[in-house]
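Undergrad: Following this line is model-v2.cif, made up of mmCIF, C-alpha atoms:
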data_start
#
loop_
_atom_site.label_atom_id
_atom_site.label_comp_id
_atom_site.auth_asym_id
_atom_site.auth_seq_id
_atom_site.Cartn_x
_atom_site.Cartn_y
_atom_site.Cartn_z
CA GLY A 1300 -50.20 13.95 -45.94
CA THR A 1301 -53.79 13.45 -47.03
CA GLU A 1302 -54.87 11.20 -49.90
CA HIS A 1303 -55.58 14.31 -51.98
CA GLN A 1304 -52.04 15.58 -51.38
CA LYS A 1305 -50.53 12.19 -52.26
CA GLN A 1306 -52.48 12.03 -55.53
CA LYS A 1307 -51.54 15.61 -56.34
CA PHE A 1308 -47.78 15.30 -55.84
CA LEU A 1309 -46.49 11.73 -55.64
CA SER A 1310 -47.01 10.64 -59.25
CA LYS A 1311 -44.99 13.56 -60.65
CA LEU A 1312 -42.28 13.04 -58.05
CA ARG A 1313 -42.07 9.32 -58.83
CA GLU A 1314 -41.81 10.01 -62.55
CA LEU A 1315 -39.19 12.74 -61.91
CA LYS A 1316 -41.36 15.32 -63.63
CA HIS A 1317 -40.91 17.30 -60.42
CA MET A 1318 -38.06 17.25 -57.95
CA GLY A 1319 -38.80 17.50 -54.25
CA CYS A 1320 -36.86 18.22 -51.07
CA PHE A 1321 -37.26 17.87 -47.32
CA CYS A 1322 -36.69 21.12 -45.43
CA LEU A 1323 -36.11 20.57 -41.72
CA THR A 1324 -32.56 21.48 -40.65
CA GLU A 1325 -31.94 25.15 -39.89
CA PRO A 1326 -28.62 27.05 -39.80
CA GLN A 1327 -28.92 28.10 -36.15
CA SER A 1328 -28.93 24.59 -34.67
CA GLY A 1329 -29.01 21.43 -36.72
CA SER A 1330 -29.26 18.97 -33.84
CA ASP A 1331 -32.03 20.79 -31.95
CA ALA A 1332 -34.54 20.20 -34.72
CA SER A 1333 -37.59 20.55 -32.47
CA GLN A 1334 -36.84 24.24 -31.81
CA LEU A 1335 -37.55 25.54 -35.28
CA GLN A 1336 -37.36 29.25 -36.10
CA THR A 1337 -39.22 29.03 -39.42
CA ILE A 1338 -42.80 30.26 -39.00
CA ALA A 1339 -46.05 30.08 -40.96
CA ILE A 1340 -48.72 32.76 -40.59
CA ARG A 1341 -52.25 32.21 -41.90
CA THR A 1342 -53.59 34.83 -44.27
CA GLU A 1343 -55.29 35.19 -47.65
CA ARG A 1344 -54.44 36.51 -51.07
CA ILE A 1345 -56.19 37.41 -54.31
CA VAL A 1346 -55.46 35.10 -57.24
CA LYS A 1347 -56.53 35.30 -60.87
CA SER A 1348 -57.78 32.31 -62.80
CA ASN A 1349 -56.87 31.70 -66.46
CA ASN A 1350 -60.01 33.52 -67.58
CA GLY A 1351 -59.13 36.58 -65.48
CA VAL A 1352 -61.64 36.00 -62.68
CA GLU A 1353 -60.32 37.02 -59.26
CA ARG A 1354 -60.95 34.98 -56.11
CA LYS A 1355 -59.72 34.83 -52.54
CA GLU A 1356 -57.40 32.01 -51.55
CA THR A 1357 -56.57 31.24 -47.93
CA GLY A 1358 -53.22 29.83 -46.89
CA TYR A 1359 -49.96 30.57 -45.11
CA LEU A 1360 -46.96 32.82 -45.60
CA ILE A 1361 -43.77 31.01 -44.60
CA THR A 1362 -40.64 32.82 -43.46
CA GLY A 1363 -37.34 31.31 -42.35
CA SER A 1364 -34.11 29.64 -43.39
CA LYS A 1365 -33.14 26.02 -43.94
CA ARG A 1366 -29.71 24.47 -44.45
CA TRP A 1367 -28.19 21.29 -45.95
CA ILE A 1368 -31.28 20.71 -48.08
CA GLY A 1369 -30.64 18.04 -50.70
CA ASN A 1370 -32.04 18.58 -54.23
CA ALA A 1371 -33.31 22.06 -53.29
CA LEU A 1372 -31.61 23.76 -56.24
CA ASP A 1373 -33.84 21.94 -58.76
CA SER A 1374 -36.92 21.34 -56.65
CA GLU A 1375 -40.46 22.35 -57.46
CA VAL A 1376 -41.85 20.85 -54.26
CA PHE A 1377 -40.52 21.85 -50.82
CA ILE A 1378 -41.73 19.97 -47.75
CA VAL A 1379 -41.20 22.71 -45.16
CA TRP A 1380 -41.43 22.09 -41.44
CA ALA A 1381 -42.40 25.24 -39.58
CA LYS A 1382 -44.22 26.52 -36.53
CA ASN A 1383 -47.89 27.11 -37.28
CA MET A 1384 -48.44 30.45 -35.56
CA SER A 1385 -52.22 30.19 -36.05
CA LEU A 1386 -52.68 27.08 -33.90
CA PRO A 1387 -52.59 26.92 -30.08
CA GLY A 1388 -49.08 26.22 -28.82
CA GLU A 1389 -47.56 27.01 -32.24
CA PRO A 1390 -46.95 23.32 -33.13
CA VAL A 1391 -44.64 22.15 -35.90
CA VAL A 1392 -46.56 21.36 -39.07
CA GLY A 1393 -45.55 20.27 -42.57
CA PHE A 1394 -46.25 22.63 -45.48
CA ILE A 1395 -46.02 21.59 -49.14
CA VAL A 1396 -44.64 24.69 -50.85
CA GLN A 1397 -44.47 24.87 -54.65
CA ARG A 1398 -41.90 27.07 -56.35
CA SER A 1399 -44.21 27.72 -59.32
CA ASN A 1400 -46.98 28.93 -57.00
CA GLN A 1401 -45.05 32.00 -55.80
CA GLU A 1402 -45.83 35.55 -56.83
CA SER A 1403 -42.20 36.66 -56.42
CA VAL A 1404 -38.98 35.00 -57.54
CA ASP A 1405 -37.50 36.03 -54.18
CA ALA A 1406 -40.10 34.06 -52.21
CA ILE A 1407 -37.82 31.00 -52.37
CA ILE A 1408 -34.07 31.57 -52.70
CA THR A 1409 -31.77 28.55 -52.99
CA THR A 1410 -27.99 28.82 -52.77
CA LYS A 1411 -25.63 25.92 -53.40
CA ILE A 1412 -23.36 24.92 -50.52
CA LYS A 1413 -19.90 24.79 -52.07
CA GLY A 1414 -16.68 23.14 -50.96
CA LYS A 1415 -18.07 19.78 -49.83
CA THR A 1416 -15.54 16.97 -49.54
CA SER A 1417 -18.17 14.34 -48.77
CA MET A 1418 -21.30 12.91 -50.43
CA ARG A 1419 -20.61 15.10 -53.41
CA ILE A 1420 -23.15 13.27 -55.57
CA LEU A 1421 -25.86 15.05 -53.55
CA GLN A 1422 -26.21 18.79 -54.14
CA ASN A 1423 -27.07 20.57 -50.87
CA ALA A 1424 -28.32 24.10 -50.55
CA ASP A 1425 -29.27 26.87 -48.20
CA VAL A 1426 -32.92 27.81 -48.66
CA ARG A 1427 -34.48 31.11 -47.67
CA PHE A 1428 -38.28 31.47 -47.56
CA ASN A 1429 -39.44 35.08 -47.78
CA ASN A 1430 -43.21 35.01 -47.29
CA ALA A 1431 -43.44 31.91 -49.46
CA TRP A 1432 -47.05 31.00 -50.17
CA CYS A 1433 -48.67 27.70 -49.21
CA PRO A 1434 -52.43 27.24 -49.80
CA ASP A 1435 -54.58 25.51 -47.20
CA GLU A 1436 -54.89 22.40 -49.36
CA ASN A 1437 -51.11 21.88 -49.15
CA VAL A 1438 -50.90 21.97 -45.35
CA MET A 1439 -50.35 18.59 -43.67
CA LEU A 1440 -52.69 18.99 -40.73
CA ASP A 1441 -53.39 15.27 -40.34
CA HIS A 1442 -50.38 15.08 -38.02
CA VAL A 1443 -49.56 18.10 -35.85
CA GLY A 1444 -46.61 18.61 -33.50
CA PHE A 1445 -42.95 17.63 -33.89
CA ASN A 1446 -43.21 14.07 -32.55
CA ASN A 1447 -46.42 13.28 -34.47
CA SER A 1448 -45.23 14.73 -37.77
CA VAL A 1449 -41.55 15.09 -38.65
CA GLY A 1450 -40.57 12.83 -35.76
CA ARG A 1451 -42.32 9.91 -37.46
CA VAL A 1452 -40.48 10.67 -40.70
CA LEU A 1453 -37.13 10.69 -38.92
CA GLU A 1454 -37.78 7.22 -37.52
CA SER A 1455 -37.88 5.62 -40.96
CA SER A 1456 -35.20 7.86 -42.51
CA ARG A 1457 -32.71 7.07 -39.75
CA ILE A 1458 -33.09 3.38 -40.52
CA TYR A 1459 -32.20 4.16 -44.13
CA VAL A 1460 -29.17 6.14 -42.97
CA ALA A 1461 -28.13 3.22 -40.74
CA TRP A 1462 -27.74 1.13 -43.91
CA LEU A 1463 -25.41 3.63 -45.61
CA PRO A 1464 -22.37 2.74 -43.45
CA VAL A 1465 -23.02 -0.92 -44.24
CA GLY A 1466 -22.72 -0.37 -47.98
CA ILE A 1467 -19.67 1.88 -47.65
CA SER A 1468 -17.98 -0.61 -45.32
CA ILE A 1469 -18.62 -3.53 -47.68
CA GLY A 1470 -16.94 -1.53 -50.45
CA ALA A 1471 -14.02 -0.65 -48.17
CA VAL A 1472 -13.49 -4.30 -47.24
CA GLU A 1473 -13.57 -5.37 -50.90
CA HIS A 1474 -11.11 -2.67 -52.02
CA ALA A 1475 -8.76 -3.23 -49.09
CA THR A 1476 -8.75 -7.01 -49.65
CA LYS A 1477 -8.07 -6.67 -53.36
CA TYR A 1478 -5.28 -4.18 -52.68
CA ALA A 1479 -3.67 -6.41 -50.02
CA MET A 1480 -3.75 -9.40 -52.36
CA ASN A 1481 -2.15 -7.57 -55.30
CA ARG A 1482 0.27 -5.24 -53.53
CA TYR A 1483 3.72 -6.75 -52.87
CA ALA A 1484 6.13 -5.65 -50.15
CA PHE A 1485 9.14 -7.49 -48.79
CA LEU A 1486 8.77 -10.09 -51.55
CA ALA A 1487 5.26 -11.12 -50.56
CA PRO A 1488 1.66 -9.85 -50.85
CA LEU A 1489 0.54 -7.51 -48.07
CA ALA A 1490 -2.19 -10.06 -47.36
CA SER A 1491 0.46 -12.52 -46.15
CA ASN A 1492 1.20 -10.30 -43.13
CA GLN A 1493 -0.47 -11.24 -39.86
CA LEU A 1494 -1.36 -7.64 -38.96
CA VAL A 1495 -2.99 -7.05 -42.34
CA GLN A 1496 -5.05 -10.21 -42.04
CA GLU A 1497 -6.13 -9.20 -38.54
CA LYS A 1498 -7.32 -5.84 -39.88
CA LEU A 1499 -9.25 -7.51 -42.69
CA VAL A 1500 -10.90 -9.91 -40.25
CA ARG A 1501 -11.82 -7.07 -37.90
CA MET A 1502 -13.26 -5.03 -40.78
CA THR A 1503 -15.30 -8.02 -41.98
CA ALA A 1504 -16.60 -8.79 -38.50
CA MET A 1505 -17.63 -5.18 -37.85
CA THR A 1506 -19.33 -4.93 -41.24
CA SER A 1507 -21.22 -8.18 -40.63
CA ALA A 1508 -22.38 -6.92 -37.22
CA MET A 1509 -23.54 -3.64 -38.76
CA TYR A 1510 -25.49 -5.54 -41.42
CA LEU A 1511 -27.20 -7.83 -38.92
CA PHE A 1512 -28.06 -4.93 -36.60
CA ALA A 1513 -29.59 -2.90 -39.43
CA GLU A 1514 -31.48 -5.95 -40.74
CA ARG A 1515 -32.95 -6.72 -37.30
CA VAL A 1516 -34.15 -3.16 -36.70
CA THR A 1517 -35.55 -2.92 -40.24
CA LYS A 1518 -37.58 -6.10 -39.80
CA ASP A 1519 -38.85 -4.93 -36.40
CA PHE A 1520 -39.82 -1.57 -37.88
CA ALA A 1521 -41.70 -3.24 -40.75
CA ALA A 1522 -43.57 -5.35 -38.19
CA GLY A 1523 -44.45 -2.28 -36.11
CA LYS A 1524 -42.35 -3.45 -33.15
CA CYS A 1525 -39.47 -0.97 -33.28
CA SER A 1526 -38.99 1.96 -30.90
CA LEU A 1527 -37.22 5.27 -31.53
CA PRO A 1528 -34.32 4.41 -29.16
CA ALA A 1529 -33.60 1.23 -31.13
CA ILE A 1530 -33.58 3.21 -34.38
CA ALA A 1531 -31.29 5.84 -32.85
CA MET A 1532 -29.00 3.11 -31.54
CA VAL A 1533 -28.52 1.38 -34.89
CA LYS A 1534 -27.81 4.70 -36.60
CA ALA A 1535 -25.32 5.72 -33.91
CA HIS A 1536 -23.66 2.31 -33.77
CA ASN A 1537 -23.29 1.80 -37.51
CA SER A 1538 -21.99 5.30 -38.21
CA LYS A 1539 -19.38 4.96 -35.45
CA VAL A 1540 -18.27 1.45 -36.37
CA GLY A 1541 -18.26 2.40 -40.05
CA ARG A 1542 -15.66 5.05 -39.29
CA GLU A 1543 -13.43 2.36 -37.79
CA VAL A 1544 -13.83 0.16 -40.86
CA VAL A 1545 -12.77 2.83 -43.37
CA ALA A 1546 -9.93 3.91 -41.07
CA LEU A 1547 -8.57 0.35 -41.10
CA ALA A 1548 -8.89 0.22 -44.87
CA ARG A 1549 -6.94 3.47 -45.05
CA GLU A 1550 -4.20 1.90 -42.91
CA ILE A 1551 -3.91 -1.13 -45.19
CA LEU A 1552 -3.50 1.07 -48.27
CA GLY A 1553 -0.86 3.24 -46.61
CA GLY A 1554 -0.07 6.39 -48.58
CA ASN A 1555 -2.27 5.28 -51.47
CA GLY A 1556 -5.22 5.43 -49.09
CA ILE A 1557 -5.45 9.20 -49.53
CA LEU A 1558 -5.62 9.02 -53.34
CA LEU A 1559 -9.07 9.10 -54.94
CA GLN A 1560 -8.10 6.52 -57.58
CA TYR A 1561 -7.92 3.85 -54.86
CA HIS A 1562 -11.50 4.66 -53.68
CA ILE A 1563 -10.85 4.51 -49.92
CA ALA A 1564 -10.37 8.28 -49.51
CA SER A 1565 -13.82 9.04 -50.93
CA LYS A 1566 -15.40 6.37 -48.71
CA PHE A 1567 -13.55 7.83 -45.74
CA CYS A 1568 -15.01 11.28 -46.47
CA ASP A 1569 -18.52 9.93 -47.09
CA MET A 1570 -18.48 8.10 -43.76
CA GLU A 1571 -17.59 11.34 -42.01
CA ALA A 1572 -20.76 12.94 -43.36
CA ILE A 1573 -22.92 10.00 -42.30
CA TYR A 1574 -21.50 10.23 -38.78
CA THR A 1575 -23.34 13.54 -38.34
CA TYR A 1576 -26.10 12.93 -40.91
CA GLU A 1577 -29.74 12.55 -39.74
CA GLY A 1578 -28.75 13.30 -36.16
CA THR A 1579 -25.16 13.28 -34.95
CA TYR A 1580 -23.72 10.23 -33.22
CA ASP A 1581 -23.91 12.07 -29.90
CA ILE A 1582 -27.57 13.04 -30.25
CA ASN A 1583 -28.62 9.52 -31.24
CA ALA A 1584 -26.59 8.08 -28.37
CA LEU A 1585 -28.35 10.45 -25.96
CA VAL A 1586 -31.74 9.36 -27.28
CA CYS A 1587 -30.75 5.82 -26.27
CA GLY A 1588 -29.38 7.05 -22.95
CA ARG A 1589 -32.68 8.73 -22.19
CA ALA A 1590 -34.50 5.44 -22.74
CA ILE A 1591 -32.07 3.56 -20.50
CA THR A 1592 -32.02 6.04 -17.58
CA ASN A 1593 -35.32 7.88 -18.05
CA ILE A 1594 -33.27 11.09 -17.78
CA SER A 1595 -32.79 13.38 -20.77
CA ALA A 1596 -29.22 14.64 -21.07
CA ILE A 1597 -29.79 16.16 -24.50
CA LYS A 1598 -30.07 19.63 -22.96
CA SER A 1599 -27.01 21.38 -21.57
CA GLY A 1600 -25.70 20.19 -18.20
CA SER A 1601 -26.81 23.38 -16.48
CA ALA A 1602 -30.34 23.01 -17.84
CA VAL A 1603 -30.57 19.43 -16.57
CA LYS A 1604 -29.31 20.44 -13.12
CA LYS A 1605 -31.82 23.30 -12.98
CA GLU A 1606 -34.64 20.91 -13.89
CA PHE A 1607 -33.71 18.51 -11.09
CA LEU A 1608 -33.36 21.40 -8.64
CA LEU A 1609 -36.89 22.56 -9.43
CA LYS A 1610 -38.23 19.03 -8.99
CA SER A 1611 -36.53 18.72 -5.58
CA GLN A 1612 -38.19 21.94 -4.40
CA LEU A 1613 -41.71 20.73 -5.21
#
Do you think you could lay out the structure here as structure tokens?

TA:
Amino acid sequence: GTEHQKQKFLSKLRELKHMGCFCLTEPQSGSDASQLQTIAIRTERIVKSNNGVERKETGYLITGSKRWIGNALDSEVFIVWAKNMSLPGEPVVGFIVQRSNQESVDAIITTKIKGKTSMRILQNADVRFNNAWCPDENVMLDHVGFNNSVGRVLESSRIYVAWLPVGISIGAVEHATKYAMNRYAFLAPLASNQLVQEKLVRMTAMTSAMYLFAERVTKDFAAGKCSLPAIAMVKAHNSKVGREVVALAREILGGNGILLQYHIASKFCDMEAIYTYEGTYDINALVCGRAITNISAIKSGSAVKKEFLLKSQL
């Protein structure tokens, strides 16, 4: 965003006077984020000032649906990624949409997603934009196109997500170790069994590797030396290995591992969400595979074969 936009919105967001949300994922296809269906059409409207004077205001009407949007239920500020139908090539652009700036209560409809078993502390919602208004001053035109706009945001956010499995795994190791030390079976603590110790060692080693991997990529990113494939790799690796850590903790706790009071079950569920959060494991792995082979396999197999067939005929 521009400096004017930062000054206009960031202070209130920092002070929690306003809540904000990031609206990218759509219900049709979460992983194929570059093929957005939400559109923005440039137009104008008549607005009245406090003293009753009418004036023309130019901006965009935004129409489309978003899904899995955190904090949307209470948000005043919606960062909406949509196709700008008024620019050549219809590139993806960010629009800062304010709930209080709408003429109709139906312009922005938020509906809570119910029945979540994972990451329940975060309230997610479906969001429907029905000709939601965004004035020109709230359009983020300093970076246009998916890779130059939301793609840059995803780079830093995926690093953040790569740290989440680290924290969950550390908690799982601590709870599993404490349980194994205090739980007695066959006249001895569970921790005295060779298989239990091996599991604890494996969990600790995997968690340490996850930490070091995330730390290395974070430092490289801060120094401006980190590429998207490296970021995708750490997210994919840590979310996959994190699943193994919580699964081992669940094994150590036995039947008690499915009870919320022993904490492992909730960590198990949270790790499942992170596995597909901010790009599924498969998509992030394919981003790395593309960098290794210089061949994109993200599309369907038939699409890739068709692409190579066309190249061979040239």

Undergrad: So which residues get picked by the PyMOL selection byres ((chain A and resi 1429-1436) around 7) here, written as a ChimeraX atom specification?

TA: /A:1357-1363,1394-1396,1401,1405-1407,1427-1428,1437-1438

Undergrad: Skipping near chain neighbours, those fewer than 4 positions away, what residues fall within 9 Å of A:Ile1378 using all atoms listed in the file, listed as JSON, numbers by chain?

TA: {"A": [1319, 1320, 1321, 1322, 1323, 1393, 1394, 1395, 1396, 1397]}

Undergrad: So what do you get for atom CA of A:Ser1526 versus atom CA of A:Gly1450, distance-wise?

TA: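 Computing it gives 12.0 Å between the two atoms.
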
Undergrad: Please identify all polymer residues within 12 Å of A:Leu1489, counting only C-alpha atoms, omitting same-chain residues fewer than 3 positions from it, and present them as an mmCIF file with C-alpha atoms, in the frame of the given file.

TA:
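Contents of part-v2.cif, as written:
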data_model
loop_
_atom_site.group_PDB
_atom_site.id
_atom_site.type_symbol
_atom_site.label_atom_id
_atom_site.label_comp_id
_atom_site.auth_asym_id
_atom_site.auth_seq_id
_atom_site.Cartn_x
_atom_site.Cartn_y
_atom_site.Cartn_z
ATOM 1 C CA ALA A 1475 -8.760 -3.230 -49.090
ATOM 2 C CA THR A 1476 -8.750 -7.010 -49.650
ATOM 3 C CA LYS A 1477 -8.070 -6.670 -53.360
ATOM 4 C CA TYR A 1478 -5.280 -4.180 -52.680
ATOM 5 C CA ALA A 1479 -3.670 -6.410 -50.020
ATOM 6 C CA MET A 1480 -3.750 -9.400 -52.360
ATOM 7 C CA ASN A 1481 -2.150 -7.570 -55.300
ATOM 8 C CA ARG A 1482 0.270 -5.240 -53.530
ATOM 9 C CA TYR A 1483 3.720 -6.750 -52.870
ATOM 10 C CA ALA A 1484 6.130 -5.650 -50.150
ATOM 11 C CA PHE A 1485 9.140 -7.490 -48.790
ATOM 12 C CA LEU A 1486 8.770 -10.090 -51.550
ATOM 13 C CA ASN A 1492 1.200 -10.300 -43.130
ATOM 14 C CA GLN A 1493 -0.470 -11.240 -39.860
ATOM 15 C CA LEU A 1494 -1.360 -7.640 -38.960
ATOM 16 C CA VAL A 1495 -2.990 -7.050 -42.340
ATOM 17 C CA GLN A 1496 -5.050 -10.210 -42.040
ATOM 18 C CA GLU A 1497 -6.130 -9.200 -38.540
ATOM 19 C CA LYS A 1498 -7.320 -5.840 -39.880
ATOM 20 C CA LEU A 1499 -9.250 -7.510 -42.690
ATOM 21 C CA GLU A 1550 -4.200 1.900 -42.910
ATOM 22 C CA ILE A 1551 -3.910 -1.130 -45.190
ATOM 23 C CA LEU A 1552 -3.500 1.070 -48.270
ATOM 24 C CA GLY A 1553 -0.860 3.240 -46.610
#

Undergrad: Determine, using all atoms listed in the file, which residues of stretch 1451-1543 of chain A have any atom at most 10 Å from an atom of stretch 1577-1588 of chain A, and tabulate each with its shortest atom pair and distance in Å to one decimal place, rows ordered by chain and then rising number, as a Markdown table.

TA:
| residue | atom | partner | partner_atom | distance |
| --- | --- | --- | --- | --- |
| A:Leu1453 | CA | A:Glu1577 | CA | 7.7 |
| A:Glu1454 | CA | A:Glu1577 | CA | 9.9 |
| A:Ser1456 | CA | A:Glu1577 | CA | 7.7 |
| A:Arg1457 | CA | A:Glu1577 | CA | 6.2 |
| A:Ile1458 | CA | A:Glu1577 | CA | 9.8 |
| A:Tyr1459 | CA | A:Glu1577 | CA | 9.8 |
| A:Val1460 | CA | A:Glu1577 | CA | 7.2 |
| A:Ala1461 | CA | A:Glu1577 | CA | 9.5 |
| A:Leu1527 | CA | A:Val1586 | CA | 8.1 |
| A:Pro1528 | CA | A:Cys1587 | CA | 4.8 |
| A:Ala1529 | CA | A:Cys1587 | CA | 7.3 |
| A:Ile1530 | CA | A:Asn1583 | CA | 8.6 |
| A:Ala1531 | CA | A:Asn1583 | CA | 4.8 |
| A:Met1532 | CA | A:Cys1587 | CA | 6.2 |
| A:Val1533 | CA | A:Asn1583 | CA | 8.9 |
| A:Lys1534 | CA | A:Asn1583 | CA | 7.3 |
| A:Ala1535 | CA | A:Tyr1580 | CA | 4.8 |
| A:His1536 | CA | A:Tyr1580 | CA | 7.9 |
| A:Asn1537 | CA | A:Tyr1580 | CA | 9.5 |
| A:Ser1538 | CA | A:Tyr1580 | CA | 7.2 |
| A:Lys1539 | CA | A:Tyr1580 | CA | 7.2 |
